[in-house]
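As stored in protein.json (JSON, C-alpha atoms and all ligand atoms):
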```
[["chain", "number", "residue", "atom", "x", "y", "z"],
["A", 1, "MET", "CA", -1.70, 18.40, 7.25],
["A", 2, "ASP", "CA", -1.22, 20.08, 10.59],
["A", 3, "PHE", "CA", 1.54, 18.77, 12.85],
["A", 4, "ASN", "CA", 0.42, 20.70, 15.90],
["A", 5, "SER", "CA", -3.27, 19.94, 16.28],
["A", 6, "GLN", "CA", -5.01, 16.60, 16.65],
["A", 7, "ILE", "CA", -6.24, 15.78, 13.16],
["A", 8, "GLN", "CA", -9.46, 13.76, 13.06],
["A", 9, "SER", "CA", -10.53, 12.16, 9.83],
["A", 10, "LYS", "CA", -14.16, 11.39, 9.10],
["A", 11, "ASN", "CA", -15.92, 8.05, 9.42],
["A", 12, "GLN", "CA", -17.74, 7.33, 6.17],
["A", 13, "PRO", "CA", -20.49, 4.70, 6.01],
["A", 14, "ILE", "CA", -20.00, 1.89, 3.50],
["A", 15, "VAL", "CA", -23.25, 0.93, 1.83],
["A", 16, "LEU", "CA", -23.24, -2.43, 0.09],
["A", 17, "PRO", "CA", -26.14, -4.85, -0.47],
["A", 18, "GLU", "CA", -24.33, -7.76, 1.22],
["A", 19, "LEU", "CA", -24.21, -5.85, 4.54],
["A", 20, "LYS", "CA", -27.98, -5.52, 4.82],
["A", 21, "ALA", "CA", -28.84, -9.16, 5.48],
["A", 22, "ASN", "CA", -27.24, -9.40, 8.91],
["A", 23, "ASN", "CA", -27.56, -5.75, 9.82],
["A", 24, "TYR", "CA", -23.86, -5.05, 9.74],
["A", 25, "GLN", "CA", -22.83, -1.45, 10.09],
["A", 26, "LEU", "CA", -19.58, -0.77, 8.33],
["A", 27, "PHE", "CA", -17.69, 2.53, 8.47],
["A", 28, "ILE", "CA", -14.32, 3.54, 7.09],
["A", 29, "LYS", "CA", -12.09, 6.14, 8.70],
["A", 30, "ARG", "CA", -10.68, 8.19, 5.85],
["A", 31, "GLU", "CA", -7.11, 8.66, 7.03],
["A", 32, "ASP", "CA", -6.23, 8.54, 3.33],
["A", 33, "GLU", "CA", -7.69, 12.03, 3.02],
["A", 34, "ILE", "CA", -5.11, 13.59, 5.35],
["A", 35, "HIS", "CA", -2.76, 14.19, 2.40],
["A", 36, "PRO", "CA", -2.58, 12.94, -1.22],
["A", 37, "LEU", "CA", 1.09, 11.92, -0.98],
["A", 38, "VAL", "CA", 1.47, 11.16, 2.75],
["A", 39, "SER", "CA", -0.39, 8.00, 3.77],
["A", 40, "GLY", "CA", -2.49, 8.79, 6.82],
["A", 41, "ASN", "CA", -0.76, 6.37, 9.12],
["A", 42, "LYS", "CA", 2.64, 7.61, 7.96],
["A", 43, "PHE", "CA", 1.66, 11.12, 9.02],
["A", 44, "ARG", "CA", 0.67, 9.73, 12.44],
["A", 45, "LYS", "CA", 3.98, 7.88, 12.72],
["A", 46, "LEU", "CA", 6.07, 10.89, 11.74],
["A", 47, "LYS", "CA", 4.38, 13.50, 13.91],
["A", 48, "TYR", "CA", 6.17, 12.91, 17.23],
["A", 49, "ASN", "CA", 9.38, 11.79, 15.55],
["A", 50, "LEU", "CA", 9.65, 15.12, 13.73],
["A", 51, "LYS", "CA", 9.00, 16.88, 17.03],
["A", 52, "ALA", "CA", 11.80, 14.90, 18.66],
["A", 53, "ALA", "CA", 14.14, 15.62, 15.74],
["A", 54, "LYS", "CA", 13.46, 19.36, 16.16],
["A", 55, "GLN", "CA", 14.10, 19.14, 19.89],
["A", 56, "ASN", "CA", 17.38, 17.35, 19.16],
["A", 57, "LYS", "CA", 18.25, 20.19, 16.77],
["A", 58, "ASN", "CA", 18.59, 17.72, 13.90],
["A", 59, "LYS", "CA", 18.29, 19.35, 10.51],
["A", 60, "THR", "CA", 18.23, 16.15, 8.50],
["A", 61, "LEU", "CA", 16.01, 13.06, 8.54],
["A", 62, "LEU", "CA", 17.35, 9.78, 7.21],
["A", 63, "THR", "CA", 15.29, 6.70, 6.55],
["A", 64, "PHE", "CA", 15.10, 3.47, 4.55],
["A", 65, "GLY", "CA", 12.73, 1.83, 2.13],
["A", 66, "GLY", "CA", 11.97, 0.06, -1.12],
["A", 67, "ALA", "CA", 11.43, 1.82, -4.42],
["A", 68, "PHE", "CA", 7.66, 2.20, -3.93],
["A", 69, "SER", "CA", 7.66, 2.88, -0.20],
["A", 70, "ASN", "CA", 4.84, 5.01, 1.19],
["A", 71, "HIS", "CA", 7.10, 5.76, 4.14],
["A", 72, "ILE", "CA", 9.93, 7.10, 1.95],
["A", 73, "LEU", "CA", 7.61, 9.52, 0.18],
["A", 74, "ALA", "CA", 5.86, 10.51, 3.42],
["A", 75, "THR", "CA", 9.22, 11.34, 5.00],
["A", 76, "ALA", "CA", 10.22, 13.46, 1.97],
["A", 77, "VAL", "CA", 6.95, 15.42, 1.93],
["A", 78, "ALA", "CA", 6.50, 15.83, 5.69],
["A", 79, "GLY", "CA", 10.19, 16.63, 6.06],
["A", 80, "LYS", "CA", 9.99, 19.40, 3.48],
["A", 81, "LEU", "CA", 6.87, 20.86, 5.14],
["A", 82, "GLN", "CA", 8.76, 20.97, 8.44],
["A", 83, "ASN", "CA", 12.01, 22.34, 6.93],
["A", 84, "PHE", "CA", 14.13, 19.22, 7.26],
["A", 85, "LYS", "CA", 16.58, 17.92, 4.69],
["A", 86, "THR", "CA", 15.75, 14.30, 3.91],
["A", 87, "ILE", "CA", 17.83, 11.32, 2.82],
["A", 88, "GLY", "CA", 16.28, 8.09, 1.60],
["A", 89, "VAL", "CA", 18.39, 4.94, 1.66],
["A", 90, "ILE", "CA", 16.76, 2.90, -1.10],
["A", 91, "ARG", "CA", 16.96, -0.87, -1.62],
["A", 92, "GLY", "CA", 18.35, -1.68, -5.09],
["A", 93, "ASP", "CA", 21.65, -0.21, -6.31],
["A", 94, "GLU", "CA", 20.58, -0.72, -9.94],
["A", 95, "LEU", "CA", 18.09, 2.13, -9.44],
["A", 96, "GLY", "CA", 20.97, 4.54, -8.87],
["A", 97, "GLN", "CA", 22.78, 3.75, -12.11],
["A", 98, "ASP", "CA", 20.57, 6.03, -14.19],
["A", 99, "LEU", "CA", 18.71, 8.33, -11.83],
["A", 100, "SER", "CA", 16.82, 10.24, -14.52],
["A", 101, "LYS", "CA", 15.47, 6.97, -15.93],
["A", 102, "THR", "CA", 14.51, 5.79, -12.45],
["A", 103, "LEU", "CA", 12.70, 9.05, -11.75],
["A", 104, "ALA", "CA", 10.98, 8.96, -15.13],
["A", 105, "THR", "CA", 9.52, 5.51, -14.45],
["A", 106, "ASN", "CA", 8.94, 5.54, -10.67],
["A", 107, "SER", "CA", 6.35, 8.06, -9.52],
["A", 108, "THR", "CA", 7.03, 7.42, -5.80],
["A", 109, "LEU", "CA", 10.73, 8.22, -6.00],
["A", 110, "ARG", "CA", 10.04, 11.07, -8.43],
["A", 111, "ALA", "CA", 7.66, 12.75, -5.98],
["A", 112, "ALA", "CA", 10.14, 12.21, -3.12],
["A", 113, "TYR", "CA", 12.91, 13.73, -5.26],
["A", 114, "GLU", "CA", 10.73, 16.70, -6.16],
["A", 115, "HIS", "CA", 10.25, 17.28, -2.43],
["A", 116, "GLY", "CA", 14.01, 17.53, -1.99],
["A", 117, "MET", "CA", 14.93, 14.02, -0.85],
["A", 118, "LYS", "CA", 18.47, 12.86, -1.61],
["A", 119, "PHE", "CA", 18.87, 9.16, -2.36],
["A", 120, "GLU", "CA", 21.48, 6.63, -1.37],
["A", 121, "PHE", "CA", 20.84, 3.52, -3.47],
["A", 122, "ILE", "CA", 22.34, 0.34, -2.02],
["A", 123, "SER", "CA", 22.41, -3.34, -2.95],
["A", 124, "ARG", "CA", 19.98, -5.79, -1.38],
["A", 125, "GLU", "CA", 22.85, -7.33, 0.56],
["A", 126, "LYS", "CA", 23.95, -4.02, 2.03],
["A", 127, "TYR", "CA", 20.33, -3.19, 2.73],
["A", 128, "ARG", "CA", 20.09, -6.13, 5.09],
["A", 129, "ASP", "CA", 22.84, -4.50, 7.19],
["A", 130, "LYS", "CA", 21.48, -0.98, 6.89],
["A", 131, "MET", "CA", 21.21, -0.39, 10.64],
["A", 132, "SER", "CA", 24.78, -1.53, 11.35],
["A", 133, "SER", "CA", 26.87, 1.14, 13.07],
["A", 134, "ASP", "CA", 29.53, 0.84, 10.34],
["A", 135, "PHE", "CA", 27.11, 1.77, 7.61],
["A", 136, "LEU", "CA", 25.45, 4.54, 9.61],
["A", 137, "LYS", "CA", 28.88, 6.01, 10.40],
["A", 138, "LYS", "CA", 29.72, 6.13, 6.70],
["A", 139, "LEU", "CA", 26.48, 7.96, 6.03],
["A", 140, "GLU", "CA", 27.27, 10.41, 8.83],
["A", 141, "LEU", "CA", 30.64, 11.20, 7.26],
["A", 142, "LYS", "CA", 28.88, 11.93, 4.00],
["A", 143, "TYR", "CA", 25.78, 13.80, 5.22],
["A", 144, "GLY", "CA", 26.58, 15.03, 8.73],
["A", 145, "ASP", "CA", 24.28, 14.51, 11.72],
["A", 146, "PHE", "CA", 20.81, 13.10, 11.10],
["A", 147, "TYR", "CA", 17.75, 11.77, 12.90],
["A", 148, "THR", "CA", 17.21, 8.14, 11.92],
["A", 149, "LEU", "CA", 13.74, 6.81, 11.23],
["A", 150, "PRO", "CA", 13.55, 3.02, 10.89],
["A", 151, "GLU", "CA", 12.27, 1.32, 7.74],
["A", 152, "GLY", "CA", 8.48, 1.60, 7.75],
["A", 153, "GLY", "CA", 8.76, 4.32, 10.39],
["A", 154, "THR", "CA", 7.80, 2.23, 13.41],
["A", 155, "ASN", "CA", 9.24, 3.08, 16.82],
["A", 156, "ALA", "CA", 7.74, 4.08, 20.18],
["A", 157, "LEU", "CA", 7.05, 7.67, 19.04],
["A", 158, "ALA", "CA", 5.35, 6.37, 15.90],
["A", 159, "VAL", "CA", 3.07, 4.20, 18.01],
["A", 160, "LYS", "CA", 2.26, 7.22, 20.18],
["A", 161, "GLY", "CA", 1.18, 9.11, 17.07],
["A", 162, "CYS", "CA", -1.05, 6.21, 16.00],
["A", 163, "GLU", "CA", -2.78, 6.36, 19.37],
["A", 164, "GLU", "CA", -4.42, 9.53, 17.98],
["A", 165, "ILE", "CA", -6.18, 7.79, 15.06],
["A", 166, "LEU", "CA", -9.26, 6.85, 17.09],
["A", 167, "THR", "CA", -11.35, 9.40, 18.95],
["A", 168, "SER", "CA", -13.73, 8.95, 21.88],
["A", 169, "ASP", "CA", -16.62, 8.91, 19.37],
["A", 170, "ASP", "CA", -15.24, 5.66, 18.02],
["A", 171, "ASN", "CA", -16.07, 3.84, 21.27],
["A", 172, "GLU", "CA", -19.39, 2.86, 19.71],
["A", 173, "PHE", "CA", -17.71, 0.35, 17.39],
["A", 174, "ASP", "CA", -17.46, -3.34, 18.28],
["A", 175, "TYR", "CA", -14.55, -4.00, 15.92],
["A", 176, "ILE", "CA", -11.70, -1.88, 14.61],
["A", 177, "CYS", "CA", -9.92, -3.25, 11.54],
["A", 178, "SER", "CA", -6.39, -2.19, 10.60],
["A", 179, "CYS", "CA", -3.78, -3.08, 8.00],
["A", 180, "VAL", "CA", -0.51, -4.46, 9.34],
["A", 181, "GLY", "CA", 2.92, -3.92, 7.78],
["A", 182, "THR", "CA", 5.46, -3.49, 10.58],
["A", 183, "GLY", "CA", 2.69, -3.39, 13.21],
["A", 184, "GLY", "CA", 3.20, 0.14, 14.51],
["A", 185, "THR", "CA", -0.17, 1.41, 13.39],
["A", 186, "ILE", "CA", -2.20, -1.39, 14.93],
["A", 187, "ALA", "CA", -0.15, -1.15, 18.16],
["A", 188, "GLY", "CA", -1.25, 2.48, 18.53],
["A", 189, "ILE", "CA", -4.85, 1.50, 17.88],
["A", 190, "ILE", "CA", -4.70, -1.34, 20.42],
["A", 191, "ASN", "CA", -3.29, 1.06, 23.02],
["A", 192, "SER", "CA", -6.12, 3.52, 22.49],
["A", 193, "ILE", "CA", -9.29, 1.38, 22.46],
["A", 194, "ASP", "CA", -11.86, 0.72, 25.13],
["A", 195, "THR", "CA", -11.74, -2.78, 26.62],
["A", 196, "PRO", "CA", -14.88, -4.33, 25.12],
["A", 197, "GLN", "CA", -13.74, -3.37, 21.63],
["A", 198, "LYS", "CA", -11.75, -5.78, 19.51],
["A", 199, "VAL", "CA", -9.00, -4.92, 17.04],
["A", 200, "ILE", "CA", -8.48, -7.13, 14.01],
["A", 201, "GLY", "CA", -5.28, -6.80, 12.02],
["A", 202, "PHE", "CA", -4.79, -7.82, 8.41],
["A", 203, "PRO", "CA", -1.09, -8.40, 7.68],
["A", 204, "ALA", "CA", -0.02, -7.46, 4.15],
["A", 205, "LEU", "CA", 2.80, -10.00, 4.38],
["A", 206, "LYS", "CA", 3.49, -13.50, 5.69],
["A", 207, "GLY", "CA", 4.94, -14.10, 9.12],
["A", 208, "ASP", "CA", 3.81, -14.65, 12.70],
["A", 209, "PHE", "CA", 6.83, -12.64, 13.91],
["A", 210, "LEU", "CA", 4.40, -9.71, 13.63],
["A", 211, "ILE", "CA", 2.57, -10.81, 16.79],
["A", 212, "LYS", "CA", 5.77, -10.31, 18.85],
["A", 213, "GLU", "CA", 6.48, -7.02, 17.10],
["A", 214, "ILE", "CA", 3.07, -5.69, 18.08],
["A", 215, "GLN", "CA", 3.23, -7.01, 21.65],
["A", 216, "GLN", "CA", 6.48, -5.15, 22.14],
["A", 217, "TYR", "CA", 4.65, -1.81, 21.72],
["A", 218, "CYS", "CA", 1.53, -2.76, 23.70],
["A", 219, "ARG", "CA", 0.83, -3.24, 27.38],
["A", 220, "GLY", "CA", -0.33, -6.83, 27.51],
["A", 221, "GLN", "CA", -3.78, -6.22, 26.02],
["A", 222, "LYS", "CA", -5.56, -9.33, 24.80],
["A", 223, "ASN", "CA", -8.43, -7.93, 22.77],
["A", 224, "TRP", "CA", -6.78, -8.10, 19.37],
["A", 225, "GLN", "CA", -5.92, -10.71, 16.78],
["A", 226, "LEU", "CA", -4.27, -10.97, 13.38],
["A", 227, "VAL", "CA", -5.98, -12.67, 10.44],
["A", 228, "PHE", "CA", -3.29, -14.16, 8.20],
["A", 229, "ASP", "CA", -5.60, -15.31, 5.40],
["A", 230, "TYR", "CA", -5.53, -12.23, 3.19],
["A", 231, "HIS", "CA", -1.91, -11.39, 2.35],
["A", 232, "PHE", "CA", -2.32, -12.79, -1.18],
["A", 233, "GLY", "CA", 1.05, -14.56, -1.09],
["A", 234, "GLY", "CA", 3.15, -11.91, 0.62],
["A", 235, "TYR", "CA", 4.24, -8.30, 0.56],
["A", 236, "GLY", "CA", 3.45, -6.67, -2.78],
["A", 237, "LYS", "CA", 1.95, -9.92, -4.11],
["A", 238, "TYR", "CA", -1.51, -9.81, -5.66],
["A", 239, "SER", "CA", -3.98, -11.72, -7.78],
["A", 240, "ASP", "CA", -6.21, -10.52, -10.60],
["A", 241, "GLU", "CA", -9.12, -11.17, -8.23],
["A", 242, "LEU", "CA", -7.71, -8.58, -5.82],
["A", 243, "ILE", "CA", -7.40, -6.01, -8.62],
["A", 244, "TYR", "CA", -10.97, -6.67, -9.79],
["A", 245, "PHE", "CA", -12.15, -6.35, -6.20],
["A", 246, "ILE", "CA", -10.43, -2.97, -5.73],
["A", 247, "ASN", "CA", -11.95, -1.68, -8.98],
["A", 248, "ARG", "CA", -15.43, -2.92, -8.13],
["A", 249, "PHE", "CA", -15.25, -1.51, -4.60],
["A", 250, "LYS", "CA", -14.37, 1.90, -5.98],
["A", 251, "GLU", "CA", -17.20, 1.71, -8.48],
["A", 252, "ASP", "CA", -19.70, 0.75, -5.76],
["A", 253, "THR", "CA", -18.54, 3.16, -3.03],
["A", 254, "THR", "CA", -16.28, 5.76, -4.78],
["A", 255, "ILE", "CA", -13.62, 4.88, -2.17],
["A", 256, "PRO", "CA", -10.15, 4.12, -3.60],
["A", 257, "LEU", "CA", -8.10, 1.30, -2.09],
["A", 258, "ASP", "CA", -4.42, 0.51, -2.60],
["A", 259, "PRO", "CA", -3.22, -2.97, -3.66],
["A", 260, "ILE", "CA", -0.52, -3.36, -0.98],
["A", 261, "TYR", "CA", -2.46, -2.75, 2.24],
["A", 262, "THR", "CA", -6.02, -1.44, 2.29],
["A", 263, "GLY", "CA", -7.29, -3.46, -0.68],
["A", 264, "LYS", "CA", -6.24, -6.70, 0.99],
["A", 265, "MET", "CA", -7.80, -5.67, 4.31],
["A", 266, "MET", "CA", -11.12, -4.66, 2.75],
["A", 267, "PHE", "CA", -11.20, -7.90, 0.74],
["A", 268, "GLY", "CA", -10.65, -9.74, 4.02],
["A", 269, "VAL", "CA", -13.30, -7.86, 5.98],
["A", 270, "LEU", "CA", -15.98, -8.41, 3.32],
["A", 271, "ASP", "CA", -14.98, -12.07, 2.95],
["A", 272, "MET", "CA", -15.25, -12.57, 6.73],
["A", 273, "ILE", "CA", -18.65, -10.88, 6.67],
["A", 274, "LYS", "CA", -19.73, -13.27, 3.91],
["A", 275, "LYS", "CA", -18.59, -16.18, 6.09],
["A", 276, "ASN", "CA", -20.45, -14.82, 9.14],
["A", 277, "SER", "CA", -17.24, -14.38, 11.11],
["A", 278, "PHE", "CA", -18.69, -11.30, 12.84],
["A", 279, "PRO", "CA", -21.81, -11.51, 15.05],
["A", 280, "LYS", "CA", -24.98, -10.16, 13.44],
["A", 281, "GLY", "CA", -25.47, -6.44, 13.88],
["A", 282, "SER", "CA", -21.77, -5.76, 14.50],
["A", 283, "LYS", "CA", -20.55, -2.20, 14.14],
["A", 284, "ILE", "CA", -17.23, -2.33, 12.37],
["A", 285, "LEU", "CA", -14.77, 0.51, 11.78],
["A", 286, "ILE", "CA", -12.12, 0.03, 9.10],
["A", 287, "ILE", "CA", -9.07, 2.29, 9.17],
["A", 288, "HIS", "CA", -8.17, 3.49, 5.67],
["A", 289, "SER", "CA", -4.48, 4.09, 6.23],
["A", 290, "GLY", "CA", -3.83, 5.53, 2.74],
["A", 291, "GLY", "CA", -1.34, 4.22, 0.20],
["A", 292, "ILE", "CA", -3.15, 5.69, -2.79],
["A", 293, "GLN", "CA", 0.05, 7.30, -4.11],
["A", 294, "GLY", "CA", 1.34, 3.79, -4.83],
["A", 295, "ILE", "CA", -1.33, 2.93, -7.39],
["A", 296, "GLU", "CA", 0.47, 4.65, -10.28],
["A", 297, "GLY", "CA", 3.69, 2.75, -9.64],
["A", 298, "PHE", "CA", 1.78, -0.49, -9.18],
["A", 299, "ASN", "CA", -0.01, -0.03, -12.52],
["A", 300, "HIS", "CA", 3.35, 0.66, -14.14],
["A", 301, "ARG", "CA", 4.58, -2.67, -12.80],
["A", 302, "LEU", "CA", 1.47, -4.43, -14.15],
["A", 303, "LYS", "CA", 1.97, -2.89, -17.57],
["A", 304, "ARG", "CA", 5.60, -3.98, -17.72],
["A", 305, "LYS", "CA", 4.42, -7.52, -17.04],
["A", 306, "ASN", "CA", 1.94, -7.20, -19.93],
["A", 307, "SER", "CA", -0.89, -7.79, -17.50],
["A", 308, "ASP", "CA", -4.44, -7.35, -18.79],
["A", 309, "VAL", "CA", -5.61, -5.83, -15.53],
["A", 310, "LYS", "CA", -4.99, -2.45, -13.95],
["A", 311, "ILE", "CA", -6.30, -0.45, -11.04],
["A", 312, "LEU", "CA", -8.82, 2.09, -12.30],
["B", 1, "LIG", "C1", 2.86, 1.58, 5.89],
["B", 1, "LIG", "C2", 1.42, 1.32, 5.68],
["B", 1, "LIG", "C3", 0.72, 0.39, 6.47],
["B", 1, "LIG", "C4", 1.40, -0.47, 7.49],
["B", 1, "LIG", "O1", 1.58, 0.22, 8.68],
["B", 1, "LIG", "P1", 2.45, -0.42, 9.85],
["B", 1, "LIG", "O2", 2.44, 0.58, 10.91],
["B", 1, "LIG", "O3", 3.83, -0.61, 9.28],
["B", 1, "LIG", "O4", 1.86, -1.71, 10.22],
["B", 1, "LIG", "C5", -0.63, 0.25, 6.26],
["B", 1, "LIG", "N1", -1.27, 0.95, 5.31],
["B", 1, "LIG", "C6", -0.63, 1.83, 4.53],
["B", 1, "LIG", "C7", -1.39, 2.55, 3.49],
["B", 1, "LIG", "C8", 0.73, 2.05, 4.69],
["B", 1, "LIG", "O5", 1.36, 2.92, 3.90]]
```
For this file, produce the structure as structure tokens.
Amino acid sequence: MDFNSQIQSKNQPIVLPELKANNYQLFIKREDEIHPLVSGNKFRKLKYNLKAAKQNKNKTLLTFGGAFSNHILATAVAGKLQNFKTIGVIRGDELGQDLSKTLATNSTLRAAYEHGMKFEFISREKYRDKMSSDFLKKLELKYGDFYTLPEGGTNALAVKGCEEILTSDDNEFDYICSCVGTGGTIAGIINSIDTPQKVIGFPALKGDFLIKEIQQYCRGQKNWQLVFDYHFGGYGKYSDELIYFINRFKEDTTIPLDPIYTGKMMFGVLDMIKKNSFPKGSKILIIHSGGIQGIEGFNHRLKRKNSDVKIL
């Protein structure tokens, strides 16, 4: 994971029998291979923010997230690599009551902790007000100066980093498919494509507010759309069918998918292909943004619910 050069991840062909009929060419950009603990898009989003923090002479990064957040762990790992102290403000004060138990059962927070992150666990109510100047002032009294990264990591510098996901070789694709959480990743992709290309976003949560979020970081481009049919009920929600799909896809292609973002997108792309939503012969590039670190925690959740299924 090199913060100074322009990392390019490889495009891997996806070979599946159902793609043959209409001559679809499907490739996946393996941003998940940038780092085992830092989701590819989170690396992109952190790159220029960490540069700015260094320029500001900040020694500490502070950010926010849920207990399984890819962004929290990415900040801890990338921060350590770049010699920052890191503080994670985590939603759920009950998690702070017995830290050793929390770390024993939550592999995301454990890995963040092992990379030196300090945690500030707060109630869901307080979490809603986490960006208030009152709360941030209190944190400053406790921890000193810090560089604040928003929840999910999206800001203008994050979008700039995501503009480096595609390379000029990717101009040959008709469609670029991306997961959408806060919208920062897809905004960078939209800003970096050639006009005849189309970007399709697959939100991992409900809500058309995302369209406005994305527009705010773009320059009035029109060649993108969001498909809201594959969030599986909302953020972190899933069905057994989704789990079976992720397991079968890995068996067929050896490519792992996560249940929060990339699994839902891939399910959506293949379903749209089945329904002939893409013209015959389309060349489609899917961005694998990562998230694989979250599988262990997700399986833990399934087990606690006595679920029969798990991600293999
Ligand atoms: C955070 C994340 C996303 C969502 O990215 P946004 O920029 O918030 O839209 C997508 N995929 C993975 C694996 C992520 O960790």
Item to check | Close residues to ligand LIG 1 (chain B) using all atoms listed in the file, limit 9 Å, as an MDAnalysis selection string | outcome: chainID A and resid 32 38:42 45 69:71 74 151:154 158:159 162 178:188 201 203:204 214 257:258 260:262 287:292 294
Could you please take those selected residues and save C-alpha atoms as a CSV table (one decimal), in the coordinates of the input?
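Contents of the output file part.csv:
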```
chain,number,residue,atom,x,y,z
A,32,ASP,CA,-6.2,8.5,3.3
A,38,VAL,CA,1.5,11.2,2.8
A,39,SER,CA,-0.4,8.0,3.8
A,40,GLY,CA,-2.5,8.8,6.8
A,41,ASN,CA,-0.8,6.4,9.1
A,42,LYS,CA,2.6,7.6,8.0
A,45,LYS,CA,4.0,7.9,12.7
A,69,SER,CA,7.7,2.9,-0.2
A,70,ASN,CA,4.8,5.0,1.2
A,71,HIS,CA,7.1,5.8,4.1
A,74,ALA,CA,5.9,10.5,3.4
A,151,GLU,CA,12.3,1.3,7.7
A,152,GLY,CA,8.5,1.6,7.8
A,153,GLY,CA,8.8,4.3,10.4
A,154,THR,CA,7.8,2.2,13.4
A,158,ALA,CA,5.4,6.4,15.9
A,159,VAL,CA,3.1,4.2,18.0
A,162,CYS,CA,-1.0,6.2,16.0
A,178,SER,CA,-6.4,-2.2,10.6
A,179,CYS,CA,-3.8,-3.1,8.0
A,180,VAL,CA,-0.5,-4.5,9.3
A,181,GLY,CA,2.9,-3.9,7.8
A,182,THR,CA,5.5,-3.5,10.6
A,183,GLY,CA,2.7,-3.4,13.2
A,184,GLY,CA,3.2,0.1,14.5
A,185,THR,CA,-0.2,1.4,13.4
A,186,ILE,CA,-2.2,-1.4,14.9
A,187,ALA,CA,-0.2,-1.2,18.2
A,188,GLY,CA,-1.2,2.5,18.5
A,201,GLY,CA,-5.3,-6.8,12.0
A,203,PRO,CA,-1.1,-8.4,7.7
A,204,ALA,CA,0.0,-7.5,4.2
A,214,ILE,CA,3.1,-5.7,18.1
A,257,LEU,CA,-8.1,1.3,-2.1
A,258,ASP,CA,-4.4,0.5,-2.6
A,260,ILE,CA,-0.5,-3.4,-1.0
A,261,TYR,CA,-2.5,-2.8,2.2
A,262,THR,CA,-6.0,-1.4,2.3
A,287,ILE,CA,-9.1,2.3,9.2
A,288,HIS,CA,-8.2,3.5,5.7
A,289,SER,CA,-4.5,4.1,6.2
A,290,GLY,CA,-3.8,5.5,2.7
A,291,GLY,CA,-1.3,4.2,0.2
A,292,ILE,CA,-3.2,5.7,-2.8
A,294,GLY,CA,1.3,3.8,-4.8
```
Next on the checklist: I need every residue sitting at most 8 Å from the point (10.0, 9.1, 14.0) (coordinates as in the file, all atoms listed in the file considered), written as JSON, numbers by chain.
Outcome noted: {"A": [45, 46, 47, 48, 49, 50, 52, 53, 148, 149, 150, 153, 154, 155, 157, 158]}
Near Gly116 in chain A, within 8 Å and counting only C-alpha atoms, which residues show up once chain neighbours fewer than 4 positions away are dropped, as a short mmCIF file (atom, residue, chain, number, x, y, z; two decimals) with C-alpha atoms, keeping the file's coordinate frame?
```cif
data_model
loop_
_atom_site.label_atom_id
_atom_site.label_comp_id
_atom_site.auth_asym_id
_atom_site.auth_seq_id
_atom_site.Cartn_x
_atom_site.Cartn_y
_atom_site.Cartn_z
CA ALA A 76 10.22 13.46 1.97
CA LYS A 80 9.99 19.40 3.48
CA LYS A 85 16.58 17.92 4.69
CA THR A 86 15.75 14.30 3.91
CA ALA A 112 10.14 12.21 -3.12
#
```
Next on the checklist: Let me make sure I understand: among A:Lys118, A:Leu81, A:Arg124, A:Leu62, which one has the smallest atom-to-atom distance to Leu136 in chain A if we use all atoms listed in the file?
Outcome noted: A:Leu62
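For the pair CA of Ser277 in chain A and CA of Leu16 in chain A, the interatomic distance is 17.3 Å.
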Could range 130-140 of chain A be completed with N, CA and C atoms and returned as an mmCIF file, in the frame of the given file?
```cif
data_model
loop_
_atom_site.group_PDB
_atom_site.id
_atom_site.type_symbol
_atom_site.label_atom_id
_atom_site.label_comp_id
_atom_site.auth_asym_id
_atom_site.auth_seq_id
_atom_site.Cartn_x
_atom_site.Cartn_y
_atom_site.Cartn_z
ATOM 1 N N LYS A 130 21.581 -2.448 6.947
ATOM 2 C CA LYS A 130 21.480 -0.980 6.890
ATOM 3 C C LYS A 130 21.530 -0.310 8.244
ATOM 4 N N MET A 131 21.187 -1.023 9.313
ATOM 5 C CA MET A 131 21.210 -0.390 10.640
ATOM 6 C C MET A 131 22.536 -0.650 11.365
ATOM 7 N N SER A 132 23.503 -1.266 10.693
ATOM 8 C CA SER A 132 24.780 -1.530 11.350
ATOM 9 C C SER A 132 25.492 -0.191 11.616
ATOM 10 N N SER A 133 26.258 -0.143 12.705
ATOM 11 C CA SER A 133 26.870 1.140 13.070
ATOM 12 C C SER A 133 27.922 1.531 12.035
ATOM 13 N N ASP A 134 28.567 0.542 11.410
ATOM 14 C CA ASP A 134 29.530 0.840 10.340
ATOM 15 C C ASP A 134 28.905 1.647 9.216
ATOM 16 N N PHE A 135 27.781 1.136 8.740
ATOM 17 C CA PHE A 135 27.110 1.770 7.610
ATOM 18 C C PHE A 135 26.597 3.156 7.994
ATOM 19 N N LEU A 136 25.995 3.239 9.178
ATOM 20 C CA LEU A 136 25.450 4.540 9.610
ATOM 21 C C LEU A 136 26.574 5.564 9.794
ATOM 22 N N LYS A 137 27.729 5.093 10.244
ATOM 23 C CA LYS A 137 28.880 6.010 10.400
ATOM 24 C C LYS A 137 29.317 6.570 9.049
ATOM 25 N N LYS A 138 29.354 5.683 8.060
ATOM 26 C CA LYS A 138 29.720 6.130 6.700
ATOM 27 C C LYS A 138 28.754 7.209 6.212
ATOM 28 N N LEU A 139 27.485 6.982 6.467
ATOM 29 C CA LEU A 139 26.480 7.960 6.030
ATOM 30 C C LEU A 139 26.677 9.285 6.762
ATOM 31 N N GLU A 140 27.073 9.194 8.042
ATOM 32 C CA GLU A 140 27.270 10.410 8.830
ATOM 33 C C GLU A 140 28.447 11.222 8.294
#
```
